[in-house]
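S.K.: Okay, so here is coords_13.csv, and as you'll see once you scroll down, it has CSV, C-alpha atoms.
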chain,number,residue,atom,x,y,z
P,469,MET,CA,-29.1,52.5,-2.2
P,470,LYS,CA,-27.0,52.5,1.0
P,471,THR,CA,-23.2,52.4,0.9
P,472,ILE,CA,-20.5,51.9,3.5
P,473,VAL,CA,-17.2,53.7,2.9
P,474,THR,CA,-13.9,53.3,4.7
P,475,THR,CA,-10.1,53.4,4.2
P,476,THR,CA,-7.6,50.9,5.4
P,477,ILE,CA,-3.9,50.1,5.5
P,478,ASN,CA,-4.6,46.7,7.1
P,479,ALA,CA,-5.7,43.3,5.8
P,480,PRO,CA,-9.5,42.8,6.2
P,481,THR,CA,-10.3,43.2,9.9
P,482,GLU,CA,-13.1,41.7,11.9
P,483,ALA,CA,-15.1,44.9,11.4
P,484,ILE,CA,-14.6,44.9,7.6
P,485,ARG,CA,-15.6,41.3,7.3
P,486,ARG,CA,-18.9,42.0,9.2
P,487,TYR,CA,-19.7,45.0,7.0
P,488,ASP,CA,-18.9,43.0,3.9
P,489,ALA,CA,-21.4,40.4,4.9
P,490,MET,CA,-24.3,42.9,5.2
P,491,GLU,CA,-26.5,42.1,2.2
P,492,ASP,CA,-28.6,45.3,2.3
P,493,TRP,CA,-25.5,47.5,2.1
P,494,ASN,CA,-22.8,48.1,-0.5
P,495,LEU,CA,-19.2,48.4,0.8
P,496,ILE,CA,-16.4,50.4,-0.7
P,497,VAL,CA,-12.9,50.1,0.8
P,498,ILE,CA,-10.3,52.6,-0.3
P,499,GLY,CA,-6.8,51.4,-0.3
P,500,ASP,CA,-3.5,53.2,0.4
P,501,ARG,CA,0.1,52.5,-0.5
P,502,LYS,CA,0.5,50.6,2.8
P,503,THR,CA,-2.6,48.4,2.1
P,504,PRO,CA,-1.7,44.8,1.4
P,505,ALA,CA,-1.5,44.3,-2.4
P,506,ASP,CA,-3.7,41.1,-2.2
P,507,TYR,CA,-6.6,42.8,-0.3
P,508,GLN,CA,-9.8,41.0,-1.1
P,509,LEU,CA,-13.5,41.3,-0.2
P,510,LYS,CA,-16.2,38.7,-0.7
P,511,ARG,CA,-19.0,41.2,-1.7
P,512,GLY,CA,-17.6,44.7,-1.5
P,513,ARG,CA,-15.5,46.8,-3.8
P,514,TYR,CA,-11.9,47.4,-3.1
P,515,VAL,CA,-10.4,50.5,-4.8
P,516,SER,CA,-6.7,50.2,-5.2
P,517,PRO,CA,-4.3,53.1,-5.3
P,518,ALA,CA,-4.0,52.7,-9.1
P,519,ASP,CA,-7.8,52.7,-9.5
P,520,GLN,CA,-7.9,56.0,-7.5
P,521,GLU,CA,-5.3,57.6,-9.7
P,522,ARG,CA,-7.1,56.6,-12.8
P,523,TYR,CA,-10.3,58.0,-11.4
P,524,ASP,CA,-8.9,61.5,-10.6
P,525,HIS,CA,-5.1,61.8,-10.7
P,526,GLU,CA,-5.1,65.5,-9.8
P,527,LEU,CA,-7.2,65.0,-6.7
P,528,SER,CA,-5.1,62.0,-5.7
P,529,ASP,CA,-1.9,64.1,-5.9
P,530,ALA,CA,-3.6,67.0,-4.0
P,531,ILE,CA,-4.7,64.7,-1.1
P,532,GLY,CA,-1.5,62.8,-0.9
P,533,TRP,CA,-0.8,59.2,0.3
P,534,ASN,CA,-0.8,57.4,3.6
P,535,CYS,CA,-3.6,59.4,5.1
P,536,ILE,CA,-7.2,58.8,6.0
P,537,GLN,CA,-8.4,61.5,3.7
P,538,ARG,CA,-8.1,59.0,0.8
P,539,ARG,CA,-11.7,58.2,2.1
P,540,ASN,CA,-12.9,61.1,-0.1
P,541,PHE,CA,-12.6,58.8,-3.1
P,542,GLY,CA,-15.0,56.4,-1.5
P,543,ILE,CA,-17.5,59.2,-0.8
P,544,LEU,CA,-17.3,60.3,-4.5
P,545,LEU,CA,-17.7,56.8,-5.8
P,546,ALA,CA,-20.7,56.1,-3.5
P,547,TYR,CA,-22.3,59.3,-4.6
P,548,GLU,CA,-21.8,58.5,-8.3
P,549,MET,CA,-23.3,55.1,-7.7
P,550,GLY,CA,-26.5,56.8,-6.5
P,551,ALA,CA,-26.2,56.2,-2.8
P,552,GLU,CA,-28.9,58.0,-0.8
P,553,VAL,CA,-27.1,57.3,2.5
P,554,ILE,CA,-23.4,57.0,2.9
P,555,ALA,CA,-22.1,55.4,6.1
P,556,LEU,CA,-18.5,56.3,7.0
P,557,ILE,CA,-16.7,53.8,9.3
P,558,ASP,CA,-13.2,52.9,10.5
P,559,ASP,CA,-11.8,49.5,10.1
P,560,ASP,CA,-11.7,49.1,13.9
P,561,ASN,CA,-15.4,50.0,14.3
P,562,ILE,CA,-16.9,46.5,15.0
P,563,PRO,CA,-20.6,46.8,14.3
P,564,GLN,CA,-23.0,45.6,17.0
P,565,ALA,CA,-26.4,44.0,16.6
P,566,ASN,CA,-28.2,47.4,16.4
P,567,TRP,CA,-25.9,48.8,13.6
P,568,GLY,CA,-28.1,50.1,10.8
P,569,SER,CA,-31.2,48.7,12.3
P,570,GLN,CA,-32.8,52.2,12.5
P,571,MET,CA,-32.3,54.5,9.6
P,572,LEU,CA,-32.5,58.0,11.0
P,573,VAL,CA,-31.0,59.8,8.0
P,574,GLY,CA,-33.8,61.5,6.0
P,575,SER,CA,-36.3,60.9,8.7
P,576,GLU,CA,-37.9,63.2,11.3
P,577,VAL,CA,-37.2,61.9,14.7
P,578,GLU,CA,-37.7,63.0,18.3
P,579,VAL,CA,-34.5,63.9,20.0
P,580,ARG,CA,-33.2,65.1,23.4
P,581,TRP,CA,-32.8,68.8,22.3
P,582,HIS,CA,-30.2,70.9,24.1
P,583,GLU,CA,-30.4,74.6,23.8
P,584,SER,CA,-27.0,76.2,24.3
P,585,GLY,CA,-25.8,79.8,24.8
P,586,LEU,CA,-22.2,78.7,23.9
P,587,ASP,CA,-20.7,78.7,20.4
P,588,ALA,CA,-20.6,74.9,20.3
P,589,PHE,CA,-22.1,71.8,21.9
P,590,ASP,CA,-20.2,68.8,23.2
P,591,PRO,CA,-22.3,65.7,22.8
P,592,VAL,CA,-20.1,63.4,24.8
P,593,GLY,CA,-20.5,65.5,27.9
P,594,ALA,CA,-24.3,65.3,27.5
P,595,THR,CA,-24.1,61.5,28.3
P,596,ASN,CA,-23.2,59.5,31.4
P,597,TYR,CA,-19.5,60.5,30.8
P,598,ARG,CA,-19.6,64.2,31.8
P,599,ALA,CA,-15.8,64.5,32.3
P,600,LEU,CA,-15.0,63.5,28.7
P,601,TRP,CA,-15.4,65.6,25.6
P,602,HIS,CA,-15.6,64.9,21.9
P,603,ARG,CA,-12.5,65.4,19.7
P,604,GLY,CA,-12.6,68.8,18.1
P,605,TYR,CA,-14.6,70.5,20.8
P,606,PRO,CA,-13.1,74.0,21.6
P,607,LEU,CA,-11.0,73.6,24.8
P,608,GLU,CA,-11.8,77.2,25.8
P,609,LEU,CA,-15.5,76.1,26.4
P,610,LEU,CA,-14.8,73.0,28.5
P,611,SER,CA,-15.3,74.7,31.8
P,612,GLN,CA,-18.5,76.5,30.6
P,613,ARG,CA,-20.4,73.4,29.5
P,614,HIS,CA,-23.7,72.8,31.3
P,615,TYR,CA,-26.4,70.4,30.5
P,616,GLU,CA,-29.8,71.4,31.8
P,617,GLU,CA,-32.7,69.0,31.3
P,618,PRO,CA,-33.1,68.6,27.5
P,619,VAL,CA,-36.5,69.0,25.9
P,620,ALA,CA,-38.2,66.7,23.4
P,621,ARG,CA,-38.1,68.0,19.9
P,622,ARG,CA,-38.6,66.6,16.4
P,623,VAL,CA,-35.9,67.3,13.8
P,624,LYS,CA,-35.1,66.1,10.3
P,625,VAL,CA,-31.8,64.2,10.4
P,626,ASP,CA,-29.2,65.0,7.8
P,627,VAL,CA,-26.3,63.4,9.6
P,628,ASP,CA,-26.5,60.5,12.0
P,629,ALA,CA,-23.4,60.6,14.1
P,630,GLY,CA,-23.4,57.3,15.8
P,631,PHE,CA,-21.5,56.8,19.1
P,632,TRP,CA,-19.0,54.1,19.9
P,633,ASN,CA,-18.5,51.9,23.0
P,634,GLY,CA,-15.0,50.9,24.0
P,635,ASP,CA,-12.4,53.6,23.2
P,636,PRO,CA,-14.5,56.7,22.3
P,637,ASP,CA,-13.5,59.5,19.9
P,638,ILE,CA,-12.0,62.0,22.3
P,639,ASP,CA,-8.9,64.1,21.7
P,640,ALA,CA,-5.4,63.2,22.8
P,641,ILE,CA,-5.5,65.4,25.9
P,642,CYS,CA,-8.7,63.8,27.1
P,643,ARG,CA,-7.4,60.3,26.3
P,644,LEU,CA,-4.0,60.9,28.0
P,645,GLU,CA,-5.8,62.1,31.2
P,646,HIS,CA,-8.7,59.6,31.3
P,647,ALA,CA,-7.8,56.5,29.2
P,648,PRO,CA,-11.5,55.6,29.2
P,649,GLU,CA,-13.2,52.4,28.3
P,650,CYS,CA,-16.8,53.5,27.8
P,651,GLU,CA,-20.3,52.0,27.8
P,652,PHE,CA,-22.7,54.8,26.9
P,653,ASP,CA,-26.2,54.7,28.4
P,654,PRO,CA,-28.6,54.4,25.4
P,655,SER,CA,-31.2,56.4,27.3
P,656,TYR,CA,-29.4,59.6,26.6
P,657,PHE,CA,-29.9,59.3,22.9
P,658,PRO,CA,-30.7,60.6,20.3
P,659,ILE,CA,-29.1,64.0,21.1
P,660,ALA,CA,-29.2,67.2,19.1
P,661,SER,CA,-28.5,70.8,19.8
P,662,SER,CA,-29.2,74.4,18.8
P,663,VAL,CA,-25.6,75.1,18.0
P,664,MET,CA,-22.8,73.3,16.0
P,665,ALA,CA,-21.2,70.2,17.5
P,666,PRO,CA,-18.2,68.2,16.4
P,667,PHE,CA,-18.8,64.8,14.7
P,668,ASN,CA,-16.3,62.5,13.1
P,669,SER,CA,-16.0,60.3,10.1
P,670,GLN,CA,-16.5,57.0,11.9
P,671,ASN,CA,-19.9,55.4,12.4
P,672,THR,CA,-21.4,58.4,10.8
P,673,MET,CA,-24.2,58.4,8.1
P,674,LEU,CA,-24.6,61.2,5.7
P,675,ALA,CA,-27.7,62.1,3.6
P,676,ARG,CA,-27.0,62.4,-0.1
P,677,GLU,CA,-27.6,66.1,-0.1
P,678,VAL,CA,-24.9,66.6,2.5
P,679,VAL,CA,-22.1,65.1,0.4
P,680,PRO,CA,-21.3,68.0,-2.0
P,681,HIS,CA,-20.6,70.1,1.1
P,682,TYR,CA,-18.7,67.3,3.0
P,683,PHE,CA,-14.9,67.0,2.4
P,684,LEU,CA,-12.2,65.5,4.6
P,685,TYR,CA,-9.6,68.2,4.4
P,686,PRO,CA,-6.1,67.0,4.0
P,687,HIS,CA,-3.0,68.7,5.4
P,688,ILE,CA,-4.7,69.8,8.7
P,689,GLY,CA,-3.9,66.8,10.9
P,690,ARG,CA,-6.7,65.3,13.0
P,691,MET,CA,-9.2,68.0,12.3
P,692,ASP,CA,-10.0,66.7,8.8
P,693,ASP,CA,-13.4,65.4,9.7
P,694,ILE,CA,-14.1,67.8,12.5
P,695,TRP,CA,-13.8,70.9,10.3
P,696,ALA,CA,-15.9,69.1,7.7
P,697,ALA,CA,-18.6,68.6,10.4
P,698,TYR,CA,-18.5,72.3,11.3
P,699,TYR,CA,-18.7,73.3,7.7
P,700,VAL,CA,-21.8,71.3,6.8
P,701,GLN,CA,-23.6,72.5,9.9
P,702,ALA,CA,-22.8,76.1,9.0
P,703,HIS,CA,-24.8,75.3,5.8
P,704,GLY,CA,-27.8,74.4,8.0
P,705,PHE,CA,-27.6,70.6,8.0
P,706,GLN,CA,-28.8,69.0,11.2
P,707,ALA,CA,-26.5,66.5,13.0
P,708,VAL,CA,-28.1,64.0,15.4
P,709,PHE,CA,-26.0,61.8,17.8
P,710,SER,CA,-27.4,58.3,18.1
P,711,GLU,CA,-26.8,55.5,20.6
P,712,PRO,CA,-23.7,53.4,20.3
P,713,SER,CA,-23.8,50.8,17.5
P,714,VAL,CA,-20.1,49.9,17.2
P,715,TYR,CA,-17.4,48.8,19.5
P,716,GLN,CA,-14.2,50.6,18.8
P,717,ASP,CA,-11.2,48.3,19.3
P,718,ARG,CA,-8.9,51.2,18.5
P,719,ASN,CA,-5.9,50.6,16.3
P,720,GLU,CA,-2.6,51.4,17.9
P,721,HIS,CA,-1.9,55.1,18.2
P,722,ASP,CA,1.0,57.3,19.4
P,723,LEU,CA,-0.9,59.7,21.6
P,724,ILE,CA,1.8,62.4,21.6
P,725,ARG,CA,1.8,62.2,17.8
P,726,ASP,CA,-2.0,62.5,17.9
P,727,LEU,CA,-1.7,65.5,20.2
P,728,LYS,CA,0.6,67.3,17.8
P,729,ALA,CA,-1.7,66.5,14.9
P,730,GLU,CA,-4.6,68.1,16.9
P,731,THR,CA,-2.8,71.3,17.7
P,732,ILE,CA,-4.3,73.1,14.7
P,733,GLY,CA,-7.7,72.5,16.3
P,734,TYR,CA,-6.7,73.4,19.8
P,735,THR,CA,-5.7,76.8,18.5
P,736,ASN,CA,-8.3,77.5,15.9
P,737,ASN,CA,-11.6,75.6,16.6
P,738,LEU,CA,-13.4,78.3,18.5
P,739,SER,CA,-12.5,81.1,16.1
P,740,LEU,CA,-13.4,78.9,13.1
P,741,ILE,CA,-16.8,78.1,14.5
P,742,ARG,CA,-17.5,81.8,15.1
P,743,ASP,CA,-16.4,82.7,11.6
P,744,LEU,CA,-18.4,79.9,10.0
P,745,LYS,CA,-21.6,81.2,11.7
P,746,ARG,CA,-21.0,84.5,9.8
P,747,ASP,CA,-19.9,83.0,6.5
P,748,PRO,CA,-19.3,79.2,5.8
P,749,GLU,CA,-16.8,80.1,3.1
P,750,SER,CA,-14.6,81.7,5.8
P,751,ILE,CA,-13.1,78.2,6.3
P,752,VAL,CA,-10.7,78.9,3.4
P,753,ALA,CA,-8.8,81.3,5.6
P,754,TYR,CA,-8.0,78.5,8.0
P,755,LEU,CA,-6.9,76.0,5.3
P,756,PRO,CA,-3.4,75.7,3.8
P,757,GLY,CA,-3.1,76.2,0.1
P,758,PRO,CA,-2.8,72.5,-0.8
P,759,ALA,CA,-6.0,71.7,1.2
P,760,VAL,CA,-7.9,74.4,-0.7
P,761,ARG,CA,-6.7,73.0,-4.0
P,762,ALA,CA,-7.8,69.5,-3.0
P,763,TRP,CA,-11.2,70.8,-1.9
P,764,ASP,CA,-11.7,72.6,-5.3
P,765,LEU,CA,-10.8,69.5,-7.2
P,766,TYR,CA,-13.3,67.5,-5.1
P,767,ARG,CA,-16.1,70.0,-5.6
P,768,ARG,CA,-15.7,70.0,-9.4
P,769,HIS,CA,-17.3,66.5,-9.3
P,770,PHE,CA,-20.6,68.1,-8.3
P,771,ARG,CA,-20.7,70.9,-10.9
Render the structure in this file as structure tokens.
M.R.:
Amino acid sequence: MKTIVTTTINAPTEAIRRYDAMEDWNLIVIGDRKTPADYQLKRGRYVSPADQERYDHELSDAIGWNCIQRRNFGILLAYEMGAEVIALIDDDNIPQANWGSQMLVGSEVEVRWHESGLDAFDPVGATNYRALWHRGYPLELLSQRHYEEPVARRVKVDVDAGFWNGDPDIDAICRLEHAPECEFDPSYFPIASSVMAPFNSQNTMLAREVVPHYFLYPHIGRMDDIWAAYYVQAHGFQAVFSEPSVYQDRNEHDLIRDLKAETIGYTNNLSLIRDLKRDPESIVAYLPGPAVRAWDLYRRHFR
């Protein structure tokens, strides 16, 4: 079973309608308090705020409302339904013809393998957009990035972090400086590295065994999915970055507000990565108390 999970505060978008029409996928859309009360899908399952509270009231309270971390409910429901692959998307990720056409998760594939002596790898800089960087990449390492000719290597894929044409997933500093409209060259993919790399919760497919370790942490701004990515990689799961299969027609954002929400990452990402390499559970020291409580409530679903 394969399941798509997303959250939204909007009426069904073009992207959602396209995912809803995919007959070989299930779709779960998690609502929020701002989501239209009459939200409807043709095939998929819409989970209202009231449904979420009935499912786990304590977790709902711990995560809070009007935040993308409500997506955790969709991940839990997909897992309980028996999904072997869970695809996380945003409602502005318009799927292209190649979306889902190659199932990398659970397979052994040949990748362009980058050895790195740095603490982290930036997959965006490894493409035809060398000046850009992925949201959540430690800023201290930007000037040290180097991409020697990668080697071919076969790896088992636990996470397929798909790229996105259009407005890419870069941080607010990068977006304010470059304001890019990207078309990534498919010949650079798939990409993987010997060290941890940031990946997000849009156009990203997770193997079932990753899910008990994957949690979108609330109360840490725009590092919710980035720290989740670093945590699962600290447990040894392999992320592979695949060619663009969505066009991101990005929802309206206040970039200064985004920047403020990313400050916790600008100041902590590098030290977090170093600590995670020694002990994955060291992440607790970086999380506020309410986030730790939410994570504990999430993990009890797997005990």
S.K.: With all atoms listed in the file as the basis for distance, which of P:Ala546, P:Asn596, P:Ile732, P:Pro591 is at the shortest distance from Ser655 (chain P)?
M.R.: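 That would be P:Asn596, the residue with the smallest distance to Ser655 (chain P).
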S.K.: Which is closest to Gly574 (chain P) among P:Asp560, P:Glu552, P:Glu649, P:Glu749, if we use all atoms listed in the file?
M.R.: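 The closest residue to Gly574 (chain P) is P:Glu552.
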S.K.: Would you please work out which residue, of P:Phe709, P:Trp493, P:Val627, P:Trp695, is nearest to Val752 (chain P) when using only C-alpha atoms?
M.R.: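 Under the stated criterion, the closest residue is P:Trp695.
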S.K.: Identify which of the residues P:Ser710, P:Gln564, P:Asn494, P:Asn719 lies closest to Ile659 (chain P), counting only C-alpha atoms when measuring atom-to-atom distances.
M.R.: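 Smallest separation from Ile659 (chain P) among the options: P:Ser710.
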S.K.: Here is a test: counting only C-alpha atoms, which residue of P:Leu744, P:Ile694, P:Ala594, P:Val573 is nearest to Tyr656 (chain P)?
M.R.: P:Ala594
S.K.: For a test of reading the model, state the distance in Å between CA of Leu765 (chain P) and CA of Ser669 (chain P), rounded to one decimal.
M.R.: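 Between CA of Leu765 (chain P) and CA of Ser669 (chain P) the gap works out to 20.3 Å.
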S.K.: I'd like to know which of P:Trp533, P:Tyr698, P:Phe631, P:Tyr682 is closest to Gly604 (chain P), using all atoms listed in the file.
M.R.: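 Selected residue with least distance to Gly604 (chain P): P:Tyr698.
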S.K.: Find the residues with any atom within 12 Å of (-27.8, 77.8, 25.9); use all atoms listed in the file and the coordinates as given in the file, and write the answer as a ChimeraX atom specification.
M.R.: /P:581-589,612-618,661-664
S.K.: Those residues you just picked out, can you put them in a file as a compact mmCIF listing (two decimals), in the coordinates of the input with C-alpha atoms?
M.R.:
# COMPACT_ATOMS: atom_id res chain seq x y z
CA TRP P 581 -32.80 68.80 22.30
CA HIS P 582 -30.20 70.90 24.10
CA GLU P 583 -30.40 74.60 23.80
CA SER P 584 -27.00 76.20 24.30
CA GLY P 585 -25.80 79.80 24.80
CA LEU P 586 -22.20 78.70 23.90
CA ASP P 587 -20.70 78.70 20.40
CA ALA P 588 -20.60 74.90 20.30
CA PHE P 589 -22.10 71.80 21.90
CA GLN P 612 -18.50 76.50 30.60
CA ARG P 613 -20.40 73.40 29.50
CA HIS P 614 -23.70 72.80 31.30
CA TYR P 615 -26.40 70.40 30.50
CA GLU P 616 -29.80 71.40 31.80
CA GLU P 617 -32.70 69.00 31.30
CA PRO P 618 -33.10 68.60 27.50
CA SER P 661 -28.50 70.80 19.80
CA SER P 662 -29.20 74.40 18.80
CA VAL P 663 -25.60 75.10 18.00
CA MET P 664 -22.80 73.30 16.00
S.K.: What is the CA of Val515 (chain P)-CA of Glu491 (chain P) distance in Å, reported with one decimal?
M.R.: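 Between these atoms lies a distance of 19.5 Å.
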S.K.: Would you kindly return, as a list in words, each protein, DNA or RNA residue with an atom no farther than 9 Å from any atom of region 672-675 of chain P, considering only C-alpha atoms and excluding same-chain residues fewer than 2 positions away?
M.R.: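 In the requested form, the answer reads Ile472, Ala551, Glu552, Val553, Ile554, Ala555, Leu556, Ile557, Leu572, Val573, Gly574, Val625, Asp626, Val627, Asp628, Ala629, Gly630, Phe631, Phe667, Asn668, Ser669, Gln670, Glu677, Val678, Val679 and Tyr682 of chain P.
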S.K.: Please report, as a Markdown table, each residue of region 647-734 of chain P lying at most 12 Å from region 516-530 of chain P, together with the nearest pair of atoms and the separation in Å rounded to one decimal; use only C-alpha atoms, and order rows by chain and ascending residue number.
M.R.:
| residue | atom | partner | partner_atom | distance |
| --- | --- | --- | --- | --- |
| P:Tyr685 | CA | P:Ala530 | CA | 10.4 |
| P:Pro686 | CA | P:Ala530 | CA | 8.4 |
| P:His687 | CA | P:Ala530 | CA | 9.6 |
S.K.: Give me, please, the distance in Å between CA of Glu720 (chain P) and CA of Asn736 (chain P), quoted to one decimal.
M.R.: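 We find that CA of Glu720 (chain P) and CA of Asn736 (chain P) lie 26.8 Å from each other.
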S.K.: List as a list in words the protein and nucleic acid residues near region 538-545 of chain P, meaning an atom at most 6 Å away when only C-alpha atoms are counted, but skip any in the same chain fewer than 4 places from it.
M.R.: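 So, after excluding close chain neighbours, the residues are Val473, Thr474 and Thr475 of chain P.
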S.K.: Around (-27.4, 53.2, -3.4), as given in the file, which residues come within 7 Å? Count all atoms listed in the file and list them as a list in words.
M.R.: Met469, Lys470, Thr471, Met549, Gly550, Ala551 and Glu552 of chain P
S.K.: Take the residues just selected and output them with C-alpha atoms as an mmCIF file, keeping the file's coordinate frame.
M.R.:
data_model
loop_
_atom_site.group_PDB
_atom_site.id
_atom_site.type_symbol
_atom_site.label_atom_id
_atom_site.label_comp_id
_atom_site.auth_asym_id
_atom_site.auth_seq_id
_atom_site.Cartn_x
_atom_site.Cartn_y
_atom_site.Cartn_z
ATOM 1 C CA MET P 469 -29.100 52.500 -2.200
ATOM 2 C CA LYS P 470 -27.000 52.500 1.000
ATOM 3 C CA THR P 471 -23.200 52.400 0.900
ATOM 4 C CA MET P 549 -23.300 55.100 -7.700
ATOM 5 C CA GLY P 550 -26.500 56.800 -6.500
ATOM 6 C CA ALA P 551 -26.200 56.200 -2.800
ATOM 7 C CA GLU P 552 -28.900 58.000 -0.800
#
S.K.: Quick one: which region 618-681 of chain P residues come within 8 Å of region 714-718 of chain P, and what is the nearest atom pair for each with the distance in Å to one decimal, counting all atoms listed in the file, rows ordered by chain and ascending number, as JSON lines?
M.R.:
{"residue": "P:Phe631", "atom": "CA", "partner": "P:Val714", "partner_atom": "CA", "distance": 7.3}
{"residue": "P:Trp632", "atom": "CA", "partner": "P:Val714", "partner_atom": "CA", "distance": 5.1}
{"residue": "P:Asn633", "atom": "CA", "partner": "P:Tyr715", "partner_atom": "CA", "distance": 4.8}
{"residue": "P:Gly634", "atom": "CA", "partner": "P:Gln716", "partner_atom": "CA", "distance": 5.3}
{"residue": "P:Asp635", "atom": "CA", "partner": "P:Gln716", "partner_atom": "CA", "distance": 5.6}
{"residue": "P:Pro636", "atom": "CA", "partner": "P:Gln716", "partner_atom": "CA", "distance": 7.0}
{"residue": "P:Asn671", "atom": "CA", "partner": "P:Val714", "partner_atom": "CA", "distance": 7.3}
S.K.: Take the structure in the block and write a file for region 475-486 of chain P, N, CA, C and O atoms, as a short mmCIF file (atom, residue, chain, number, x, y, z; two decimals), in the first residue's frame.
M.R.:
data_model
loop_
_atom_site.label_atom_id
_atom_site.label_comp_id
_atom_site.auth_asym_id
_atom_site.auth_seq_id
_atom_site.Cartn_x
_atom_site.Cartn_y
_atom_site.Cartn_z
N THR P 475 -1.05 18.31 4.62
CA THR P 475 -1.91 19.19 5.41
C THR P 475 -2.30 20.36 4.53
O THR P 475 -1.63 20.66 3.55
N THR P 476 -3.37 21.04 4.93
CA THR P 476 -3.77 22.21 4.16
C THR P 476 -4.65 23.13 4.99
O THR P 476 -5.34 22.67 5.91
N ILE P 477 -4.61 24.41 4.66
CA ILE P 477 -5.59 25.36 5.18
C ILE P 477 -6.41 25.93 4.01
O ILE P 477 -7.21 26.84 4.21
N ASN P 478 -6.18 25.38 2.83
CA ASN P 478 -6.82 25.88 1.62
C ASN P 478 -7.92 24.93 1.13
O ASN P 478 -7.95 23.76 1.51
N ALA P 479 -8.79 25.44 0.28
CA ALA P 479 -9.67 24.55 -0.47
C ALA P 479 -8.79 23.68 -1.37
O ALA P 479 -7.61 23.99 -1.60
N PRO P 480 -9.31 22.55 -1.88
CA PRO P 480 -8.48 21.68 -2.71
C PRO P 480 -7.80 22.44 -3.85
O PRO P 480 -8.44 23.10 -4.65
N THR P 481 -6.48 22.34 -3.89
CA THR P 481 -5.68 23.01 -4.91
C THR P 481 -5.56 22.12 -6.14
O THR P 481 -5.95 20.95 -6.13
N GLU P 482 -4.96 22.67 -7.19
CA GLU P 482 -4.70 21.86 -8.37
C GLU P 482 -3.86 20.64 -8.02
O GLU P 482 -4.12 19.52 -8.50
N ALA P 483 -2.85 20.85 -7.18
CA ALA P 483 -1.99 19.73 -6.78
C ALA P 483 -2.79 18.65 -6.07
O ALA P 483 -2.68 17.46 -6.40
N ILE P 484 -3.62 19.03 -5.11
CA ILE P 484 -4.41 18.05 -4.37
C ILE P 484 -5.35 17.30 -5.29
O ILE P 484 -5.51 16.07 -5.19
N ARG P 485 -5.97 17.99 -6.22
CA ARG P 485 -6.88 17.31 -7.15
C ARG P 485 -6.14 16.27 -7.98
O ARG P 485 -6.67 15.18 -8.26
N ARG P 486 -4.91 16.57 -8.35
CA ARG P 486 -4.13 15.61 -9.15
C ARG P 486 -3.75 14.38 -8.32
O ARG P 486 -3.83 13.25 -8.80
#
